[in-house]
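> Hey, dropping query-v5.csv in here, CSV, C-alpha atoms and all ligand atoms:
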chain,number,residue,atom,x,y,z
A,89,MET,CA,0.0,0.0,0.0
A,90,SER,CA,1.4,3.3,-0.9
A,91,LEU,CA,1.5,6.0,1.8
A,92,HIS,CA,-0.7,9.1,1.4
A,93,ILE,CA,1.0,12.5,2.3
A,94,LEU,CA,-0.6,15.9,2.5
A,95,VAL,CA,1.6,18.7,1.1
A,96,THR,CA,0.5,22.1,2.2
A,97,GLY,CA,1.9,24.8,-0.1
A,98,GLY,CA,2.6,22.0,-2.6
A,99,ALA,CA,2.2,24.2,-5.7
A,100,GLY,CA,5.0,26.5,-4.6
A,101,TYR,CA,8.6,26.5,-5.5
A,102,ILE,CA,9.8,24.0,-2.9
A,103,GLY,CA,6.5,22.2,-2.7
A,104,SER,CA,6.4,21.3,-6.4
A,105,HIS,CA,9.9,19.8,-6.1
A,106,VAL,CA,8.9,17.9,-3.0
A,107,CYS,CA,5.8,16.5,-4.7
A,108,VAL,CA,7.9,15.2,-7.6
A,109,ALA,CA,10.2,13.5,-5.1
A,110,LEU,CA,7.2,12.0,-3.2
A,111,LEU,CA,5.6,10.7,-6.4
A,112,GLU,CA,8.9,9.2,-7.6
A,113,GLY,CA,9.2,7.6,-4.1
A,114,GLY,CA,5.9,5.9,-4.6
A,115,TYR,CA,3.8,8.1,-2.3
A,116,GLN,CA,0.3,9.4,-3.0
A,117,VAL,CA,0.0,13.1,-2.7
A,118,THR,CA,-2.7,15.6,-1.8
A,119,VAL,CA,-1.7,19.2,-2.3
A,120,ILE,CA,-3.4,21.8,-0.1
A,121,ASP,CA,-2.8,25.3,-1.5
A,122,ASN,CA,-4.7,28.6,-2.0
A,123,PHE,CA,-2.5,29.6,-4.9
A,124,SER,CA,-1.8,33.0,-3.4
A,125,ASN,CA,1.9,32.8,-4.4
A,126,SER,CA,1.8,29.8,-6.7
A,127,HIS,CA,0.2,28.5,-9.8
A,128,PRO,CA,-2.0,25.4,-10.5
A,129,GLU,CA,0.1,24.9,-13.6
A,130,ALA,CA,2.9,23.9,-11.3
A,131,VAL,CA,0.9,20.9,-10.1
A,132,ALA,CA,0.1,19.9,-13.7
A,133,ARG,CA,3.8,20.0,-14.5
A,134,VAL,CA,4.6,17.9,-11.5
A,135,ASN,CA,2.1,15.3,-12.7
A,136,LYS,CA,3.7,15.4,-16.1
A,137,ILE,CA,7.3,14.9,-14.7
A,138,ALA,CA,6.4,12.1,-12.4
A,139,ASP,CA,3.5,10.6,-14.2
A,140,GLY,CA,1.4,11.4,-11.1
A,141,ALA,CA,-2.2,12.1,-10.2
A,142,ILE,CA,-2.1,14.6,-7.4
A,143,ASN,CA,-5.3,15.4,-5.6
A,144,VAL,CA,-5.6,19.2,-5.1
A,145,ILE,CA,-7.6,20.8,-2.3
A,146,GLU,CA,-7.8,24.6,-3.0
A,147,THR,CA,-8.3,26.3,0.3
A,148,ASP,CA,-6.6,28.8,2.6
A,149,LEU,CA,-5.2,26.8,5.5
A,150,ALA,CA,-5.0,29.9,7.6
A,151,ASP,CA,-8.9,30.1,7.7
A,152,GLU,CA,-10.5,28.0,10.4
A,153,GLY,CA,-13.2,26.9,7.9
A,154,SER,CA,-10.5,25.1,5.9
A,155,ILE,CA,-10.3,22.3,8.6
A,156,ASP,CA,-13.7,20.9,7.9
A,157,PHE,CA,-13.4,21.5,4.2
A,158,ILE,CA,-10.1,19.5,4.0
A,159,ARG,CA,-11.6,16.7,6.2
A,160,LYS,CA,-14.5,16.4,3.8
A,161,GLU,CA,-12.4,16.5,0.7
A,162,ILE,CA,-10.1,13.8,2.1
A,163,GLY,CA,-13.3,11.8,2.7
A,164,GLY,CA,-11.9,9.1,5.0
A,165,ARG,CA,-8.9,8.2,2.9
A,166,PRO,CA,-6.1,7.2,5.2
A,167,VAL,CA,-3.4,9.9,5.7
A,168,HIS,CA,0.2,9.0,6.7
A,169,GLY,CA,1.7,12.3,7.2
A,170,ALA,CA,2.0,16.0,6.2
A,171,ILE,CA,4.7,18.1,4.8
A,172,HIS,CA,3.9,21.6,5.8
A,173,LEU,CA,5.2,24.3,3.5
A,174,ALA,CA,2.2,26.7,3.3
A,175,GLY,CA,3.0,30.2,4.5
A,176,LEU,CA,4.2,33.6,3.5
A,177,LYS,CA,8.0,34.0,3.1
A,178,ALA,CA,9.1,37.5,2.1
A,179,VAL,CA,11.3,39.0,4.9
A,180,GLY,CA,10.7,42.7,3.9
A,181,GLU,CA,6.9,42.2,3.6
A,182,SER,CA,6.9,40.6,7.1
A,183,VAL,CA,8.5,43.7,8.6
A,184,ALA,CA,5.8,45.9,6.9
A,185,LYS,CA,2.8,43.6,7.7
A,186,PRO,CA,3.7,41.6,10.8
A,187,ALA,CA,0.1,40.8,11.7
A,188,LEU,CA,-0.5,39.3,8.3
A,189,TYR,CA,2.5,37.1,8.8
A,190,TYR,CA,1.6,35.9,12.3
A,191,HIS,CA,-2.0,35.3,11.2
A,192,THR,CA,-1.1,33.4,8.1
A,193,ASN,CA,1.9,31.4,9.2
A,194,ILE,CA,0.8,30.5,12.8
A,195,ASN,CA,-2.9,29.8,12.0
A,196,SER,CA,-2.0,27.6,9.1
A,197,THR,CA,0.1,25.4,11.5
A,198,LEU,CA,-2.6,25.3,14.2
A,199,ASN,CA,-5.2,24.4,11.6
A,200,LEU,CA,-3.0,21.7,10.1
A,201,ILE,CA,-2.6,20.2,13.6
A,202,GLU,CA,-6.4,20.0,13.8
A,203,VAL,CA,-6.6,18.4,10.4
A,204,MET,CA,-4.0,15.8,11.4
A,205,ARG,CA,-6.0,15.0,14.6
A,206,MET,CA,-9.1,14.5,12.5
A,207,VAL,CA,-7.5,12.2,10.0
A,208,GLY,CA,-5.6,10.3,12.7
A,209,SER,CA,-2.1,11.0,11.6
A,210,ASN,CA,0.7,12.3,13.8
A,211,THR,CA,3.6,12.8,11.4
A,212,VAL,CA,4.6,16.3,10.4
A,213,VAL,CA,7.6,17.6,8.5
A,214,PHE,CA,7.8,21.3,8.8
A,215,SER,CA,9.4,23.7,6.4
A,216,SER,CA,11.6,25.8,8.8
A,217,SER,CA,14.5,28.0,8.0
A,218,ALA,CA,18.1,28.8,9.0
A,219,THR,CA,16.6,32.2,9.8
A,220,VAL,CA,15.6,30.8,13.2
A,221,TYR,CA,19.2,31.1,14.3
A,222,GLY,CA,19.4,34.8,13.8
A,223,GLU,CA,22.5,36.7,14.9
A,224,GLY,CA,25.3,35.8,17.2
A,225,ASN,CA,26.0,32.1,16.4
A,226,LYS,CA,29.2,30.6,15.1
A,227,ASN,CA,29.4,29.0,11.7
A,228,PRO,CA,28.9,26.3,10.8
A,229,LEU,CA,25.5,26.5,12.5
A,230,THR,CA,24.6,23.5,14.5
A,231,GLU,CA,21.0,22.7,15.6
A,232,THR,CA,22.1,23.3,19.1
A,233,ALA,CA,23.1,26.9,18.4
A,234,LEU,CA,23.0,29.1,21.5
A,235,ASN,CA,21.0,32.0,20.2
A,236,TYR,CA,17.6,31.7,18.6
A,237,MET,CA,16.9,35.2,17.7
A,238,PRO,CA,15.4,35.7,14.2
A,239,THR,CA,15.7,39.3,13.1
A,240,ASN,CA,12.3,39.7,11.5
A,241,PRO,CA,8.6,38.7,11.9
A,242,TYR,CA,8.9,36.1,9.1
A,243,GLY,CA,11.8,34.4,10.9
A,244,ARG,CA,9.9,34.5,14.2
A,245,THR,CA,6.9,32.8,12.7
A,246,LYS,CA,9.2,30.0,11.7
A,247,LEU,CA,10.6,29.7,15.2
A,248,TYR,CA,7.2,29.9,16.8
A,249,ASN,CA,5.9,27.2,14.5
A,250,GLU,CA,8.8,25.0,15.5
A,251,ASN,CA,8.0,25.6,19.1
A,252,ILE,CA,4.3,24.8,18.6
A,253,LEU,CA,5.2,21.5,17.0
A,254,ARG,CA,7.9,20.7,19.7
A,255,ASP,CA,5.3,21.4,22.5
A,256,LEU,CA,2.9,19.1,20.7
A,257,TYR,CA,5.4,16.3,21.0
A,258,ILE,CA,6.2,17.2,24.7
A,259,ALA,CA,2.5,17.0,25.5
A,260,ASP,CA,1.9,13.8,23.5
A,261,ASN,CA,4.9,11.6,22.7
A,262,ASP,CA,3.1,9.9,19.8
A,263,TRP,CA,3.7,12.9,17.5
A,264,ARG,CA,6.5,12.5,15.0
A,265,ILE,CA,7.9,15.9,14.1
A,266,ALA,CA,10.8,17.0,11.9
A,267,ASN,CA,11.6,20.8,11.7
A,268,LEU,CA,13.7,21.1,8.6
A,269,ARG,CA,15.9,24.2,8.7
A,270,TYR,CA,16.6,25.1,5.1
A,271,PHE,CA,19.5,27.2,4.2
A,272,ASN,CA,19.2,28.9,0.7
A,273,PRO,CA,17.2,26.8,-1.8
A,274,VAL,CA,18.0,27.5,-5.4
A,275,GLY,CA,18.0,25.7,-8.7
A,276,ALA,CA,15.1,23.9,-10.4
A,277,HIS,CA,14.1,20.4,-11.6
A,278,PRO,CA,16.5,19.4,-14.4
A,279,SER,CA,13.5,19.1,-16.8
A,280,GLY,CA,13.2,22.9,-16.7
A,281,LEU,CA,9.4,22.4,-16.2
A,282,ILE,CA,9.2,23.6,-12.6
A,283,GLY,CA,11.1,26.2,-10.7
A,284,GLU,CA,10.9,29.4,-8.7
A,285,ASP,CA,8.4,32.0,-10.1
A,286,PRO,CA,8.7,35.0,-7.9
A,287,GLN,CA,6.1,37.7,-8.2
A,288,GLY,CA,7.4,41.2,-8.8
A,289,ILE,CA,11.0,42.2,-8.2
A,290,PRO,CA,12.8,39.2,-6.7
A,291,ASN,CA,14.2,39.7,-3.2
A,292,ASN,CA,16.6,36.8,-3.4
A,293,LEU,CA,19.9,36.6,-5.1
A,294,PHE,CA,19.4,33.7,-7.6
A,295,PRO,CA,16.1,34.7,-9.1
A,296,TYR,CA,17.5,38.2,-9.5
A,297,ILE,CA,20.7,36.9,-11.2
A,298,ALA,CA,18.6,34.7,-13.5
A,299,GLN,CA,16.3,37.7,-14.5
A,300,VAL,CA,19.4,39.8,-15.3
A,301,ALA,CA,20.9,36.9,-17.3
A,302,VAL,CA,17.7,36.6,-19.4
A,303,GLY,CA,17.5,40.3,-20.0
A,304,ARG,CA,14.5,41.1,-17.8
A,305,ARG,CA,16.5,43.3,-15.5
A,306,GLU,CA,19.5,45.6,-16.3
A,307,LYS,CA,21.9,44.7,-13.5
A,308,LEU,CA,22.3,43.1,-10.1
A,309,SER,CA,22.9,45.1,-7.0
A,310,VAL,CA,25.5,43.4,-4.8
A,311,PHE,CA,24.5,44.3,-1.3
A,312,GLY,CA,27.9,45.1,0.2
A,313,SER,CA,31.5,44.1,-0.6
A,314,ASP,CA,33.0,45.1,2.8
A,315,TYR,CA,31.9,42.1,4.9
A,316,PRO,CA,34.6,40.2,6.7
A,317,THR,CA,34.5,37.3,4.2
A,318,ARG,CA,37.0,36.0,1.7
A,319,ASP,CA,36.0,38.5,-1.0
A,320,GLY,CA,33.9,41.0,1.0
A,321,SER,CA,30.5,39.8,-0.3
A,322,GLY,CA,27.9,37.9,1.7
A,323,VAL,CA,28.4,34.1,2.0
A,324,ARG,CA,25.5,31.7,2.1
A,325,ASP,CA,24.9,27.9,2.0
A,326,TYR,CA,23.0,27.5,-1.3
A,327,ILE,CA,21.3,24.1,-1.6
A,328,HIS,CA,19.8,22.6,-4.8
A,329,VAL,CA,16.0,22.4,-4.5
A,330,GLN,CA,16.3,18.8,-5.7
A,331,ASP,CA,18.5,18.0,-2.8
A,332,LEU,CA,16.1,19.8,-0.5
A,333,ALA,CA,13.2,17.7,-1.9
A,334,SER,CA,15.0,14.4,-1.3
A,335,GLY,CA,15.7,15.6,2.2
A,336,HIS,CA,12.0,15.8,2.9
A,337,VAL,CA,11.4,12.3,1.7
A,338,ALA,CA,14.3,11.1,3.9
A,339,ALA,CA,12.8,13.0,6.8
A,340,LEU,CA,9.4,11.3,6.3
A,341,GLN,CA,11.1,7.9,6.1
A,342,PHE,CA,13.0,8.7,9.3
A,343,LEU,CA,9.8,9.6,11.1
A,344,HIS,CA,8.0,6.6,9.9
A,345,ASN,CA,10.8,4.3,10.9
A,346,GLN,CA,10.9,5.4,14.5
A,347,SER,CA,9.6,2.9,16.9
A,348,ALA,CA,8.0,5.7,19.0
A,349,GLY,CA,7.2,9.4,18.5
A,350,CYS,CA,10.0,12.0,18.3
A,351,SER,CA,10.8,15.6,17.6
A,352,ALA,CA,13.9,16.6,15.7
A,353,ASP,CA,15.3,19.8,14.3
A,354,ILE,CA,17.5,19.2,11.3
A,355,ASN,CA,19.6,21.5,9.1
A,356,LEU,CA,19.3,21.0,5.3
A,357,GLY,CA,22.3,22.6,3.6
A,358,THR,CA,25.5,21.6,1.8
A,359,GLY,CA,27.8,22.7,4.7
A,360,LYS,CA,29.6,24.9,2.2
A,361,GLY,CA,29.5,28.7,1.9
A,362,VAL,CA,29.4,30.5,-1.5
A,363,SER,CA,29.9,34.2,-1.8
A,364,VAL,CA,27.8,36.6,-4.0
A,365,PHE,CA,30.7,37.1,-6.3
A,366,GLU,CA,31.3,33.3,-6.6
A,367,ALA,CA,27.6,32.8,-7.3
A,368,ILE,CA,27.8,35.5,-10.1
A,369,ALA,CA,30.9,33.8,-11.6
A,370,ALA,CA,29.3,30.4,-11.5
A,371,PHE,CA,26.1,31.7,-13.2
A,372,GLU,CA,28.2,33.4,-15.9
A,373,ARG,CA,30.1,30.2,-16.4
A,374,VAL,CA,27.1,27.9,-17.0
A,375,SER,CA,25.0,30.4,-18.9
A,376,SER,CA,27.7,32.0,-21.0
A,377,ARG,CA,26.1,35.3,-20.3
A,378,THR,CA,27.6,38.3,-18.5
A,379,ILE,CA,25.8,39.4,-15.4
A,380,PRO,CA,26.3,43.2,-15.0
A,381,PHE,CA,26.4,44.2,-11.4
A,382,GLU,CA,27.1,47.2,-9.1
A,383,VAL,CA,28.1,47.1,-5.5
A,384,THR,CA,25.7,49.0,-3.3
A,385,ALA,CA,25.2,49.4,0.4
A,386,ARG,CA,24.7,46.4,2.7
A,387,ARG,CA,21.0,45.3,3.0
A,388,PRO,CA,19.8,46.0,6.5
A,389,GLY,CA,19.6,42.8,8.6
A,390,ASP,CA,21.9,40.7,6.4
A,391,LEU,CA,24.6,38.6,8.0
A,392,ALA,CA,28.1,38.3,6.6
A,393,GLU,CA,28.2,34.5,6.5
A,394,VAL,CA,25.7,31.7,7.1
A,395,TYR,CA,26.4,28.0,6.5
A,396,ALA,CA,25.2,24.8,8.0
A,397,ASP,CA,26.7,22.0,10.0
A,398,VAL,CA,25.1,19.1,8.2
A,399,THR,CA,26.3,16.3,10.4
A,400,LEU,CA,22.9,15.6,12.0
A,401,ALA,CA,21.1,15.2,8.7
A,402,SER,CA,23.6,12.7,7.6
A,403,GLN,CA,23.4,10.8,10.9
A,404,LEU,CA,19.6,10.8,11.3
A,405,LEU,CA,18.4,10.8,7.7
A,406,ALA,CA,21.3,9.2,5.9
A,407,TRP,CA,21.0,12.2,3.6
A,408,GLN,CA,23.4,14.6,2.1
A,409,ALA,CA,23.3,17.2,-0.6
A,410,GLN,CA,24.6,15.9,-4.0
A,411,TYR,CA,24.7,19.0,-6.2
A,412,ASP,CA,27.3,21.8,-6.4
A,413,ILE,CA,26.9,25.5,-7.2
A,414,ASP,CA,27.4,24.9,-11.0
A,415,GLN,CA,24.6,22.4,-11.1
A,416,MET,CA,22.4,24.8,-9.1
A,417,CYS,CA,23.1,27.6,-11.6
A,418,ALA,CA,22.7,25.3,-14.7
A,419,ASP,CA,19.3,24.1,-13.6
A,420,HIS,CA,18.1,27.5,-12.4
A,421,TRP,CA,19.2,28.9,-15.8
A,422,ARG,CA,17.4,26.1,-17.8
A,423,TRP,CA,14.1,26.9,-16.0
A,424,GLN,CA,14.6,30.6,-16.5
A,425,MET,CA,15.3,30.1,-20.3
A,426,GLN,CA,12.4,27.8,-20.8
A,427,ASN,CA,10.0,30.0,-18.8
A,428,PRO,CA,11.2,33.6,-19.1
A,429,ALA,CA,8.0,34.9,-17.6
A,430,GLY,CA,7.4,32.0,-15.2
A,431,TYR,CA,4.2,29.9,-15.3
A,432,THR,CA,2.0,32.6,-16.8
A,433,GLY,CA,4.3,33.3,-19.7
B,501,LIG,N1,22.1,39.6,-2.4
B,501,LIG,C1,22.6,40.6,-3.2
B,501,LIG,N2,21.8,41.1,-4.1
B,501,LIG,C2,20.5,40.8,-4.3
B,501,LIG,C3,19.9,39.8,-3.4
B,501,LIG,C4,20.8,39.2,-2.5
B,501,LIG,O1,23.8,40.9,-3.1
B,501,LIG,O2,19.8,41.3,-5.1
B,501,LIG,C5,23.0,39.0,-1.4
B,501,LIG,C6,22.5,39.1,0.1
B,501,LIG,O3,23.0,40.3,0.6
B,501,LIG,C7,23.1,37.9,0.7
B,501,LIG,C8,23.0,36.8,-0.4
B,501,LIG,O4,22.9,37.6,-1.6
B,501,LIG,O5,24.5,38.0,1.0
B,501,LIG,C9,21.8,35.9,-0.3
B,501,LIG,O6,20.6,36.7,-0.2
B,501,LIG,P1,19.2,36.1,-0.4
B,501,LIG,O7,18.2,37.2,-0.3
B,501,LIG,O8,19.1,35.3,-1.6
B,501,LIG,O9,19.1,35.1,0.8
B,501,LIG,P2,19.1,35.4,2.4
B,501,LIG,O10,20.2,34.6,2.9
B,501,LIG,O11,19.1,36.8,2.7
B,501,LIG,O12,17.7,34.9,2.7
B,501,LIG,C10,17.4,33.5,2.9
B,501,LIG,C11,16.0,33.2,2.6
B,501,LIG,C12,15.1,33.9,3.7
B,501,LIG,C13,15.6,33.6,5.0
B,501,LIG,C14,17.0,34.0,5.2
B,501,LIG,C15,17.7,33.8,6.5
B,501,LIG,O13,15.6,33.6,1.4
B,501,LIG,O14,13.8,33.4,3.5
B,501,LIG,O15,17.8,33.3,4.2
B,501,LIG,O16,17.8,32.5,6.7
B,501,LIG,F1,14.9,34.3,6.0
Render the structure in this file as structure tokens.
Ligand code: UFG

Amino acid sequence: MSLHILVTGGAGYIGSHVCVALLEGGYQVTVIDNFSNSHPEAVARVNKIADGAINVIETDLADEGSIDFIRKEIGGRPVHGAIHLAGLKAVGESVAKPALYYHTNINSTLNLIEVMRMVGSNTVVFSSSATVYGEGNKNPLTETALNYMPTNPYGRTKLYNENILRDLYIADNDWRIANLRYFNPVGAHPSGLIGEDPQGIPNNLFPYIAQVAVGRREKLSVFGSDYPTRDGSGVRDYIHVQDLASGHVAALQFLHNQSAGCSADINLGTGKGVSVFEAIAAFERVSSRTIPFEVTARRPGDLAEVYADVTLASQLLAWQAQYDIDQMCADHWRWQMQNPAGYTG
């Protein structure tokens, strides 16, 4: 019997890649999404890539009414776990609209917990972020870092959601919880059929570079070249979204294989830092395009260097990232070339 997994936010950038990995791993998938920052076409393309038949429940998980709607839509079909990715994720917007972020990101988790109780499943993989560490920790970041001080409301919603799920396990040891702390997901499925489709001006480095490379934007702003790093630009742990997706399947397997409930916080990264200038050079190498850039002021809130200690993921999940920065750039570029205007183009 194949296991049936709910994927909230399954039509989004990371969700769509997770759905491919689940289908290819023999799971049945139900996507719960309100398509507020995603496109139904992504699900159609996932089905095409993996020859799947994803069931889609279109609803806003942050609304309490969604609980009963989802229960009815599932209609008694057994559920064996959830991967919870639904939520808002723009750091700047979260500073401007904190209440919206707390409402959406916290309520969607609380409502998912109710859904899981109703369908009788206690397995949840949560999409957390390295942002939970905040400032003041030493690289490589381990899961037992001393400071948990996210610097913005978005990051705090990630930390609070982790706490909610940890408390759930403390109250009832039957829950099986994995808080996966992503570093910087980039790249796309090698088919070029699914990838990141940011609305408006991209906030993040890779989508911005890709849009400059394809000619949609004139030049990249490099936010600071005076950091205490090897070339002065910010260093991050970029991870191929395909690796991230396989990490979710590994986490599900880990939770299902435990003889009792558990709660684990696990970094998903490569363990290697790449600077902004190195990322530009890699993208130029694989795309054979020049990426015009200018160095501007530091972006407020940015850290100099962030990369993961990935020991725990390898110990618990027997998982490690496979792809390097060139592969990330090559796959990101393929998606961008094939879909210059994203899913709606
Ligand atoms: N950068 C630029 N120019 C840009 C965009 C980014 O130079 O146009 C630089 C940043 O200063 C940083 C690096 O590229 O040094 C990466 O920036 P991103 O915005 O791509 O990624 P962040 O590390 O800032 O953000 C990521 C996630 C957030 C999360 C944060 C903290 O995108 O969701 O990590 O963990 F909150």
> Quick one, how far is CA of Pro238 in chain A from atom F1 of ligand LIG 501 (chain B)?
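Between CA of Pro238 in chain A and atom F1 of ligand LIG 501 (chain B) the gap works out to 8.3 Å.
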> Just the number, please: distance in Å from CA of Tyr248 in chain A to CA of Leu91 in chain A, one decimal.
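Computed distance, CA of Tyr248 in chain A to CA of Leu91 in chain A, equals 28.8 Å.
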> For a quick check of understanding, using all atoms listed in the file, which of A:Asp397, A:Asp419, A:Asp156, A:Asp325 has the smallest distance to ligand LIG 501 (chain B)?
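Looking only at the distances to ligand LIG 501 (chain B), the closest residue turns out to be A:Asp325.
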> Mind giving me the straight-line distance from CA of Leu356 in chain A to atom C5 of ligand LIG 501 (chain B) in Å, one decimal?
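Taking CA of Leu356 in chain A and atom C5 of ligand LIG 501 (chain B), their separation equals 19.6 Å.
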> If you count only C-alpha atoms and all ligand atoms, which residues end up within 8 Å of ligand LIG 501 (chain B), as a ChimeraX atom specification?
/A:177-179,217-222,242-243,270-273,290-294,296-297,308-312,321-324,363-364,383,386-387,390-394
> May I have the residues from that selection written out with C-alpha atoms, as a short mmCIF file (atom, residue, chain, number, x, y, z; two decimals), keeping the file's coordinate frame?

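Generated output (selection.cif):
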data_model
loop_
_atom_site.label_atom_id
_atom_site.label_comp_id
_atom_site.auth_asym_id
_atom_site.auth_seq_id
_atom_site.Cartn_x
_atom_site.Cartn_y
_atom_site.Cartn_z
CA LYS A 177 8.00 34.00 3.10
CA ALA A 178 9.10 37.50 2.10
CA VAL A 179 11.30 39.00 4.90
CA SER A 217 14.50 28.00 8.00
CA ALA A 218 18.10 28.80 9.00
CA THR A 219 16.60 32.20 9.80
CA VAL A 220 15.60 30.80 13.20
CA TYR A 221 19.20 31.10 14.30
CA GLY A 222 19.40 34.80 13.80
CA TYR A 242 8.90 36.10 9.10
CA GLY A 243 11.80 34.40 10.90
CA TYR A 270 16.60 25.10 5.10
CA PHE A 271 19.50 27.20 4.20
CA ASN A 272 19.20 28.90 0.70
CA PRO A 273 17.20 26.80 -1.80
CA PRO A 290 12.80 39.20 -6.70
CA ASN A 291 14.20 39.70 -3.20
CA ASN A 292 16.60 36.80 -3.40
CA LEU A 293 19.90 36.60 -5.10
CA PHE A 294 19.40 33.70 -7.60
CA TYR A 296 17.50 38.20 -9.50
CA ILE A 297 20.70 36.90 -11.20
CA LEU A 308 22.30 43.10 -10.10
CA SER A 309 22.90 45.10 -7.00
CA VAL A 310 25.50 43.40 -4.80
CA PHE A 311 24.50 44.30 -1.30
CA GLY A 312 27.90 45.10 0.20
CA SER A 321 30.50 39.80 -0.30
CA GLY A 322 27.90 37.90 1.70
CA VAL A 323 28.40 34.10 2.00
CA ARG A 324 25.50 31.70 2.10
CA SER A 363 29.90 34.20 -1.80
CA VAL A 364 27.80 36.60 -4.00
CA VAL A 383 28.10 47.10 -5.50
CA ARG A 386 24.70 46.40 2.70
CA ARG A 387 21.00 45.30 3.00
CA ASP A 390 21.90 40.70 6.40
CA LEU A 391 24.60 38.60 8.00
CA ALA A 392 28.10 38.30 6.60
CA GLU A 393 28.20 34.50 6.50
CA VAL A 394 25.70 31.70 7.10
#
> Can you tell me, as JSON, numbers by chain, what residues are no more than 6 Å from range 157-169 of chain A when counting all atoms listed in the file, ignoring any on the same chain fewer than 5 positions away?
{"A": [91, 92, 93, 209, 211, 212]}
> Restricting the calculation to all atoms listed in the file, which member of A:Pro380, A:Gly113, A:Pro241, A:Gly224 is positioned closest to Leu188 in chain A?
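Looking only at the distances to Leu188 in chain A, the closest residue turns out to be A:Pro241.
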> I'd like to know which of A:Val398, A:Val183, A:Leu404, A:Ile413 is closest to Pro228 in chain A, using all atoms listed in the file.
A:Val398
> Per residue of range 148-226 of chain A within 8 Å of range 116-123 of chain A, note the shortest atom pair and the distance in Å to one decimal, counting all atoms listed in the file, and order the rows by chain and increasing residue number, as CSV.

residue,atom,partner,partner_atom,distance
A:Asp148,CA,A:Asn122,CA,5.0
A:Leu149,CA,A:Asp121,CA,7.6
A:Ala174,CA,A:Asp121,CA,7.1
> Just to be explicit: take each residue in the selection above, keep C-alpha atoms, and write the result as a compact mmCIF listing (two decimals), in the frame of the given file.

# COMPACT_ATOMS: atom_id res chain seq x y z
CA ASP A 148 -6.60 28.80 2.60
CA LEU A 149 -5.20 26.80 5.50
CA ALA A 174 2.20 26.70 3.30
> From the options A:Ile327, A:Ala187, A:Met206, A:Val131, which residue's atoms come nearest to Gly361 in chain A, counting all atoms listed in the file?
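Counting all atoms listed in the file, the residue closest to Gly361 in chain A is A:Ile327.
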> If we count only C-alpha atoms, what is near His191 in chain A at a cut-off of 10 Å, once residues fewer than 4 positions away on the same chain are taken out, given as a list in words?
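Surrounding residues, per the criterion: Ala150, Asp151, Gly175, Pro186, Ala187, Asn195, Ser196 and Thr245 of chain A.
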